[in-house]
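Each remark here refers to the structure printed beneath this line.
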Amino acid sequence: MTRAELLARAREAAGSACVPYSHFHVGAAILTEGGAVHAAANIENASYGLSMCAERAAVFAMANADPADRRIAAVAIASPDAAPCFPCGACRQVLHEFGCQEIVVERDGAPERHPFGDILPHAFGPEDLER
Ligand code: THU
């Protein structure tokens, strides 16, 4: 799966966004180290704070799908409403939990790759609890 293909999966997922309040559509597609792809969109709620970002929805789909393949090689994020669309801070933390190595955003219609450490430097994570 190329990064362009992963981004296409994120774009496709954005079409499933449930966004009656923000009207801001986001899709995320995770590529696991085992080669699986898990995609999801953001889902909002009338109790606004219960809304869920696309990235975390995709992480939870991945974690439920196969406990043996939960390491994230890359996540692509796409929005027809803003490009590039970078993950929010909460999602960065949750992506880090599963070892996310790279994020891919859309710039001028093409994938733009960022090492994960560039978007969440000095991260706190599971390794800090093992000291
Ligand atoms: N949102 C995401 O799904 N991912 C992001 O990276 C940024 C924000 C969603 C949350 C909410 O449904 C809408 O976009 C506006 O914040």
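Note on naming: chains are A, B, ... as they come in the structure tokens, residues start from 1 per chain, ligands start from 1 in the order shown.
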
Kindly provide the residues of chain A that approach ligand 1 to within 9 Å, each paired with its closest atom pair and their distance in Å to one decimal, based on only C-alpha atoms and all ligand atoms, listed by chain and increasing number, as a tab-separated table.
```
residue	atom	partner	partner_atom_place_in_ligand_line	distance
A:Ala17	CA	ligand 1	12 (O)	8.2
A:Cys18	CA	ligand 1	12 (O)	7.9
A:Val19	CA	ligand 1	12 (O)	6.0
A:Pro20	CA	ligand 1	12 (O)	8.9
A:Tyr21	CA	ligand 1	12 (O)	7.8
A:Ser22	CA	ligand 1	15 (C)	5.3
A:His23	CA	ligand 1	13 (C)	7.4
A:Phe24	CA	ligand 1	13 (C)	5.1
A:His25	CA	ligand 1	14 (O)	6.3
A:Val26	CA	ligand 1	3 (O)	4.9
A:Gly27	CA	ligand 1	3 (O)	7.0
A:Ala28	CA	ligand 1	3 (O)	8.0
A:Ala41	CA	ligand 1	3 (O)	6.6
A:Asn42	CA	ligand 1	3 (O)	4.4
A:Ile43	CA	ligand 1	12 (O)	6.0
A:Glu44	CA	ligand 1	12 (O)	5.3
A:Asn45	CA	ligand 1	12 (O)	8.6
A:Tyr48	CA	ligand 1	12 (O)	8.6
A:Ser51	CA	ligand 1	12 (O)	6.0
A:Met52	CA	ligand 1	10 (C)	6.2
A:Cys53	CA	ligand 1	3 (O)	3.2
A:Ala54	CA	ligand 1	3 (O)	4.0
A:Glu55	CA	ligand 1	4 (N)	6.0
A:Arg56	CA	ligand 1	3 (O)	7.9
A:Ala57	CA	ligand 1	3 (O)	8.5
A:Ile77	CA	ligand 1	6 (O)	7.4
A:Ala78	CA	ligand 1	6 (O)	8.8
A:Ser79	CA	ligand 1	4 (N)	8.7
A:Cys85	CA	ligand 1	6 (O)	6.2
A:Phe86	CA	ligand 1	6 (O)	5.4
A:Pro87	CA	ligand 1	6 (O)	3.4
A:Cys88	CA	ligand 1	6 (O)	4.6
A:Gly89	CA	ligand 1	6 (O)	8.2
A:Ala90	CA	ligand 1	6 (O)	8.9
A:Cys91	CA	ligand 1	6 (O)	7.1
A:Arg92	CA	ligand 1	6 (O)	8.8
```

Identify, on the basis of only C-alpha atoms, every residue whose closest approach to Gln93 (chain A) does not exceed 12 Å; exclude the query and any residue fewer than 2 positions from it along the same chain; express the result as a PDB file with all heavy atoms, in the first residue's frame.
```pdb
ATOM      1  N   GLU A  55      -9.354  10.060  13.772  1.00  0.00           N
ATOM      2  CA  GLU A  55      -8.113   9.341  14.077  1.00  0.00           C
ATOM      3  C   GLU A  55      -8.299   8.368  15.233  1.00  0.00           C
ATOM      4  O   GLU A  55      -7.849   7.228  15.189  1.00  0.00           O
ATOM      5  CB  GLU A  55      -6.997  10.327  14.436  1.00  0.00           C
ATOM      6  CG  GLU A  55      -6.589  11.253  13.299  1.00  0.00           C
ATOM      7  CD  GLU A  55      -7.392  12.545  13.253  1.00  0.00           C
ATOM      8  OE1 GLU A  55      -8.574  12.547  13.655  1.00  0.00           O
ATOM      9  OE2 GLU A  55      -6.826  13.556  12.812  1.00  0.00           O
ATOM     10  N   ARG A  56      -8.964   8.841  16.306  1.00  0.00           N
ATOM     11  CA  ARG A  56      -9.163   7.928  17.441  1.00  0.00           C
ATOM     12  C   ARG A  56     -10.146   6.823  17.085  1.00  0.00           C
ATOM     13  O   ARG A  56      -9.992   5.677  17.519  1.00  0.00           O
ATOM     14  CB  ARG A  56      -9.615   8.699  18.676  1.00  0.00           C
ATOM     15  CG  ARG A  56      -8.429   9.156  19.520  1.00  0.00           C
ATOM     16  CD  ARG A  56      -8.868  10.002  20.679  1.00  0.00           C
ATOM     17  NE  ARG A  56      -9.388  11.281  20.207  1.00  0.00           N
ATOM     18  CZ  ARG A  56     -10.191  12.084  20.896  1.00  0.00           C
ATOM     19  NH1 ARG A  56     -10.597  11.723  22.087  1.00  0.00           N
ATOM     20  NH2 ARG A  56     -10.581  13.232  20.397  1.00  0.00           N
ATOM     21  N   VAL A  59      -8.087   4.303  15.394  1.00  0.00           N
ATOM     22  CA  VAL A  59      -7.214   3.578  16.334  1.00  0.00           C
ATOM     23  C   VAL A  59      -8.025   2.514  17.072  1.00  0.00           C
ATOM     24  O   VAL A  59      -7.581   1.363  17.215  1.00  0.00           O
ATOM     25  CB  VAL A  59      -6.557   4.538  17.349  1.00  0.00           C
ATOM     26  CG1 VAL A  59      -5.899   3.758  18.483  1.00  0.00           C
ATOM     27  CG2 VAL A  59      -5.524   5.424  16.660  1.00  0.00           C
ATOM     28  N   PRO A  87      -3.663  15.954  12.947  1.00  0.00           N
ATOM     29  CA  PRO A  87      -4.444  15.435  14.084  1.00  0.00           C
ATOM     30  C   PRO A  87      -4.403  16.361  15.297  1.00  0.00           C
ATOM     31  O   PRO A  87      -3.383  17.028  15.541  1.00  0.00           O
ATOM     32  CB  PRO A  87      -3.778  14.090  14.413  1.00  0.00           C
ATOM     33  CG  PRO A  87      -2.473  14.090  13.724  1.00  0.00           C
ATOM     34  CD  PRO A  87      -2.521  15.078  12.609  1.00  0.00           C
ATOM     35  N   CYS A  88      -5.488  16.399  16.042  1.00  0.00           N
ATOM     36  CA  CYS A  88      -5.542  17.208  17.261  1.00  0.00           C
ATOM     37  C   CYS A  88      -4.602  16.605  18.317  1.00  0.00           C
ATOM     38  O   CYS A  88      -4.107  15.481  18.180  1.00  0.00           O
ATOM     39  CB  CYS A  88      -6.973  17.293  17.789  1.00  0.00           C
ATOM     40  SG  CYS A  88      -7.525  15.833  18.697  1.00  0.00           S
ATOM     41  N   GLY A  89      -4.385  17.340  19.384  1.00  0.00           N
ATOM     42  CA  GLY A  89      -3.448  16.898  20.421  1.00  0.00           C
ATOM     43  C   GLY A  89      -3.853  15.597  21.078  1.00  0.00           C
ATOM     44  O   GLY A  89      -3.010  14.723  21.326  1.00  0.00           O
ATOM     45  N   ALA A  90      -5.143  15.444  21.349  1.00  0.00           N
ATOM     46  CA  ALA A  90      -5.610  14.209  21.993  1.00  0.00           C
ATOM     47  C   ALA A  90      -5.338  13.008  21.096  1.00  0.00           C
ATOM     48  O   ALA A  90      -4.885  11.951  21.560  1.00  0.00           O
ATOM     49  CB  ALA A  90      -7.103  14.322  22.319  1.00  0.00           C
ATOM     50  N   CYS A  91      -5.597  13.164  19.817  1.00  0.00           N
ATOM     51  CA  CYS A  91      -5.368  12.048  18.890  1.00  0.00           C
ATOM     52  C   CYS A  91      -3.884  11.734  18.754  1.00  0.00           C
ATOM     53  O   CYS A  91      -3.495  10.570  18.619  1.00  0.00           O
ATOM     54  CB  CYS A  91      -5.990  12.353  17.537  1.00  0.00           C
ATOM     55  SG  CYS A  91      -7.801  12.302  17.576  1.00  0.00           S
ATOM     56  N   LEU A  95      -2.465   8.041  19.242  1.00  0.00           N
ATOM     57  CA  LEU A  95      -1.673   7.403  18.179  1.00  0.00           C
ATOM     58  C   LEU A  95      -0.306   6.962  18.715  1.00  0.00           C
ATOM     59  O   LEU A  95       0.197   5.884  18.374  1.00  0.00           O
ATOM     60  CB  LEU A  95      -1.485   8.379  17.015  1.00  0.00           C
ATOM     61  CG  LEU A  95      -2.737   8.626  16.159  1.00  0.00           C
ATOM     62  CD1 LEU A  95      -2.591   9.912  15.350  1.00  0.00           C
ATOM     63  CD2 LEU A  95      -3.017   7.448  15.234  1.00  0.00           C
ATOM     64  N   HIS A  96       0.280   7.786  19.578  1.00  0.00           N
ATOM     65  CA  HIS A  96       1.589   7.454  20.156  1.00  0.00           C
ATOM     66  C   HIS A  96       1.539   6.171  20.973  1.00  0.00           C
ATOM     67  O   HIS A  96       2.490   5.380  20.988  1.00  0.00           O
ATOM     68  CB  HIS A  96       2.085   8.618  21.019  1.00  0.00           C
ATOM     69  CG  HIS A  96       3.368   8.343  21.716  1.00  0.00           C
ATOM     70  ND1 HIS A  96       4.553   8.153  21.046  1.00  0.00           N
ATOM     71  CD2 HIS A  96       3.657   8.194  23.031  1.00  0.00           C
ATOM     72  CE1 HIS A  96       5.509   7.909  21.910  1.00  0.00           C
ATOM     73  NE2 HIS A  96       5.001   7.922  23.123  1.00  0.00           N
ATOM     74  N   GLU A  97       0.432   5.957  21.640  1.00  0.00           N
ATOM     75  CA  GLU A  97       0.271   4.762  22.485  1.00  0.00           C
ATOM     76  C   GLU A  97       0.526   3.487  21.689  1.00  0.00           C
ATOM     77  O   GLU A  97       1.011   2.490  22.227  1.00  0.00           O
ATOM     78  CB  GLU A  97      -1.149   4.749  23.067  1.00  0.00           C
ATOM     79  CG  GLU A  97      -1.426   3.622  24.039  1.00  0.00           C
ATOM     80  CD  GLU A  97      -0.793   3.857  25.413  1.00  0.00           C
ATOM     81  OE1 GLU A  97      -0.441   5.012  25.718  1.00  0.00           O
ATOM     82  OE2 GLU A  97      -0.676   2.871  26.159  1.00  0.00           O
ATOM     83  N   PHE A  98       0.178   3.524  20.393  1.00  0.00           N
ATOM     84  CA  PHE A  98       0.315   2.334  19.552  1.00  0.00           C
ATOM     85  C   PHE A  98       1.507   2.463  18.595  1.00  0.00           C
ATOM     86  O   PHE A  98       1.540   1.839  17.534  1.00  0.00           O
ATOM     87  CB  PHE A  98      -0.994   2.069  18.806  1.00  0.00           C
ATOM     88  CG  PHE A  98      -2.112   1.690  19.747  1.00  0.00           C
ATOM     89  CD1 PHE A  98      -2.975   2.650  20.257  1.00  0.00           C
ATOM     90  CD2 PHE A  98      -2.268   0.374  20.176  1.00  0.00           C
ATOM     91  CE1 PHE A  98      -3.985   2.311  21.155  1.00  0.00           C
ATOM     92  CE2 PHE A  98      -3.264   0.018  21.075  1.00  0.00           C
ATOM     93  CZ  PHE A  98      -4.120   0.992  21.562  1.00  0.00           C
ATOM     94  N   GLY A  99       2.479   3.281  19.003  1.00  0.00           N
ATOM     95  CA  GLY A  99       3.762   3.315  18.300  1.00  0.00           C
ATOM     96  C   GLY A  99       3.744   3.976  16.934  1.00  0.00           C
ATOM     97  O   GLY A  99       4.607   3.668  16.095  1.00  0.00           O
ATOM     98  N   CYS A 100       2.795   4.879  16.711  1.00  0.00           N
ATOM     99  CA  CYS A 100       2.676   5.496  15.378  1.00  0.00           C
ATOM    100  C   CYS A 100       4.013   6.104  14.929  1.00  0.00           C
ATOM    101  O   CYS A 100       4.635   6.883  15.656  1.00  0.00           O
ATOM    102  CB  CYS A 100       1.596   6.576  15.395  1.00  0.00           C
ATOM    103  SG  CYS A 100       1.247   7.238  13.759  1.00  0.00           S
ATOM    104  N   PHE A 116       6.546  10.888  13.053  1.00  0.00           N
ATOM    105  CA  PHE A 116       5.647  11.177  14.176  1.00  0.00           C
ATOM    106  C   PHE A 116       6.309  12.042  15.239  1.00  0.00           C
ATOM    107  O   PHE A 116       5.673  12.896  15.853  1.00  0.00           O
ATOM    108  CB  PHE A 116       5.107   9.874  14.786  1.00  0.00           C
ATOM    109  CG  PHE A 116       3.927  10.124  15.663  1.00  0.00           C
ATOM    110  CD1 PHE A 116       2.671  10.343  15.128  1.00  0.00           C
ATOM    111  CD2 PHE A 116       4.067  10.189  17.044  1.00  0.00           C
ATOM    112  CE1 PHE A 116       1.577  10.623  15.936  1.00  0.00           C
ATOM    113  CE2 PHE A 116       2.988  10.462  17.866  1.00  0.00           C
ATOM    114  CZ  PHE A 116       1.734  10.669  17.301  1.00  0.00           C
ATOM    115  N   GLY A 117       7.599  11.824  15.450  1.00  0.00           N
ATOM    116  CA  GLY A 117       8.326  12.609  16.454  1.00  0.00           C
ATOM    117  C   GLY A 117       8.316  14.108  16.156  1.00  0.00           C
ATOM    118  O   GLY A 117       8.516  14.919  17.053  1.00  0.00           O
ATOM    119  N   ILE A 119       5.643  15.734  15.111  1.00  0.00           N
ATOM    120  CA  ILE A 119       4.364  16.350  15.498  1.00  0.00           C
ATOM    121  C   ILE A 119       4.035  16.116  16.983  1.00  0.00           C
ATOM    122  O   ILE A 119       3.149  16.760  17.516  1.00  0.00           O
ATOM    123  CB  ILE A 119       3.182  15.900  14.606  1.00  0.00           C
ATOM    124  CG1 ILE A 119       2.843  14.427  14.809  1.00  0.00           C
ATOM    125  CG2 ILE A 119       3.435  16.225  13.139  1.00  0.00           C
ATOM    126  CD1 ILE A 119       1.385  14.150  14.575  1.00  0.00           C
ATOM    127  N   LEU A 120       4.754  15.198  17.633  1.00  0.00           N
ATOM    128  CA  LEU A 120       4.581  15.030  19.088  1.00  0.00           C
ATOM    129  C   LEU A 120       5.950  14.774  19.714  1.00  0.00           C
ATOM    130  O   LEU A 120       6.265  13.659  20.139  1.00  0.00           O
ATOM    131  CB  LEU A 120       3.600  13.897  19.414  1.00  0.00           C
ATOM    132  CG  LEU A 120       3.185  13.820  20.893  1.00  0.00           C
ATOM    133  CD1 LEU A 120       2.425  15.074  21.320  1.00  0.00           C
ATOM    134  CD2 LEU A 120       2.330  12.583  21.155  1.00  0.00           C
ATOM    135  N   PRO A 121       6.777  15.831  19.774  1.00  0.00           N
ATOM    136  CA  PRO A 121       8.116  15.647  20.352  1.00  0.00           C
ATOM    137  C   PRO A 121       8.043  15.451  21.864  1.00  0.00           C
ATOM    138  O   PRO A 121       7.086  15.891  22.507  1.00  0.00           O
ATOM    139  CB  PRO A 121       8.836  16.956  19.991  1.00  0.00           C
ATOM    140  CG  PRO A 121       7.756  17.956  19.757  1.00  0.00           C
ATOM    141  CD  PRO A 121       6.535  17.197  19.294  1.00  0.00           C
ATOM    142  N   HIS A 122       9.037  14.778  22.411  1.00  0.00           N
ATOM    143  CA  HIS A 122       9.144  14.573  23.862  1.00  0.00           C
ATOM    144  C   HIS A 122       7.868  13.965  24.423  1.00  0.00           C
ATOM    145  O   HIS A 122       7.385  14.359  25.486  1.00  0.00           O
ATOM    146  CB  HIS A 122       9.449  15.898  24.587  1.00  0.00           C
ATOM    147  CG  HIS A 122      10.587  16.658  23.977  1.00  0.00           C
ATOM    148  ND1 HIS A 122      11.882  16.227  24.042  1.00  0.00           N
ATOM    149  CD2 HIS A 122      10.603  17.810  23.256  1.00  0.00           C
ATOM    150  CE1 HIS A 122      12.669  17.087  23.397  1.00  0.00           C
ATOM    151  NE2 HIS A 122      11.905  18.048  22.912  1.00  0.00           N
ATOM    152  N   ALA A 123       7.311  13.002  23.716  1.00  0.00           N
ATOM    153  CA  ALA A 123       6.015  12.437  24.103  1.00  0.00           C
ATOM    154  C   ALA A 123       6.107  11.630  25.386  1.00  0.00           C
ATOM    155  O   ALA A 123       7.119  10.975  25.664  1.00  0.00           O
ATOM    156  CB  ALA A 123       5.481  11.552  22.978  1.00  0.00           C
ATOM    157  N   PHE A 124       5.035  11.674  26.147  1.00  0.00           N
ATOM    158  CA  PHE A 124       4.856  10.756  27.275  1.00  0.00           C
ATOM    159  C   PHE A 124       4.164   9.519  26.729  1.00  0.00           C
ATOM    160  O   PHE A 124       3.209   9.619  25.952  1.00  0.00           O
ATOM    161  CB  PHE A 124       3.973  11.414  28.344  1.00  0.00           C
ATOM    162  CG  PHE A 124       3.689  10.517  29.515  1.00  0.00           C
ATOM    163  CD1 PHE A 124       4.599  10.389  30.549  1.00  0.00           C
ATOM    164  CD2 PHE A 124       2.510   9.778  29.573  1.00  0.00           C
ATOM    165  CE1 PHE A 124       4.344   9.552  31.628  1.00  0.00           C
ATOM    166  CE2 PHE A 124       2.251   8.945  30.650  1.00  0.00           C
ATOM    167  CZ  PHE A 124       3.169   8.832  31.678  1.00  0.00           C
ATOM    168  N   GLY A 125       4.624   8.339  27.155  1.00  0.00           N
ATOM    169  CA  GLY A 125       4.008   7.132  26.626  1.00  0.00           C
ATOM    170  C   GLY A 125       4.192   5.949  27.546  1.00  0.00           C
ATOM    171  O   GLY A 125       4.704   6.092  28.668  1.00  0.00           O
ATOM    172  N   PRO A 126       3.779   4.768  27.070  1.00  0.00           N
ATOM    173  CA  PRO A 126       3.820   3.565  27.905  1.00  0.00           C
ATOM    174  C   PRO A 126       5.211   3.275  28.451  1.00  0.00           C
ATOM    175  O   PRO A 126       5.359   2.768  29.567  1.00  0.00           O
ATOM    176  CB  PRO A 126       3.346   2.450  26.968  1.00  0.00           C
ATOM    177  CG  PRO A 126       3.091   3.054  25.644  1.00  0.00           C
ATOM    178  CD  PRO A 126       3.197   4.534  25.752  1.00  0.00           C
TER     179      PRO A 126
END
```

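Within 10 Å of Thr32 (chain A), once only C-alpha atoms are used and residues closer than 3 positions along the same chain are dropped, the contacting residues are A:Ala29, A:Gly35, A:Ala36, A:Val37, A:His38, A:Met62, A:Asp69, A:Arg70, A:Arg71, A:Ile72, A:Ala73, A:Ala74, A:Val75, A:Phe98, A:Gly99, A:Cys100.
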
DSSP says strand (DSSP E or B) for which residues of region 16-131 of chain A? Put them as a PyMOL selection string? chain A and resi 18+27-32+37-41+43+52+72-78+102-107+110-115

Exercise: Thr2 (chain A) partners within 10 Å, only C-alpha atoms, chain neighbours under 4 positions left out, as JSON, numbers by chain: {"A": [6, 7, 8, 31, 111]}
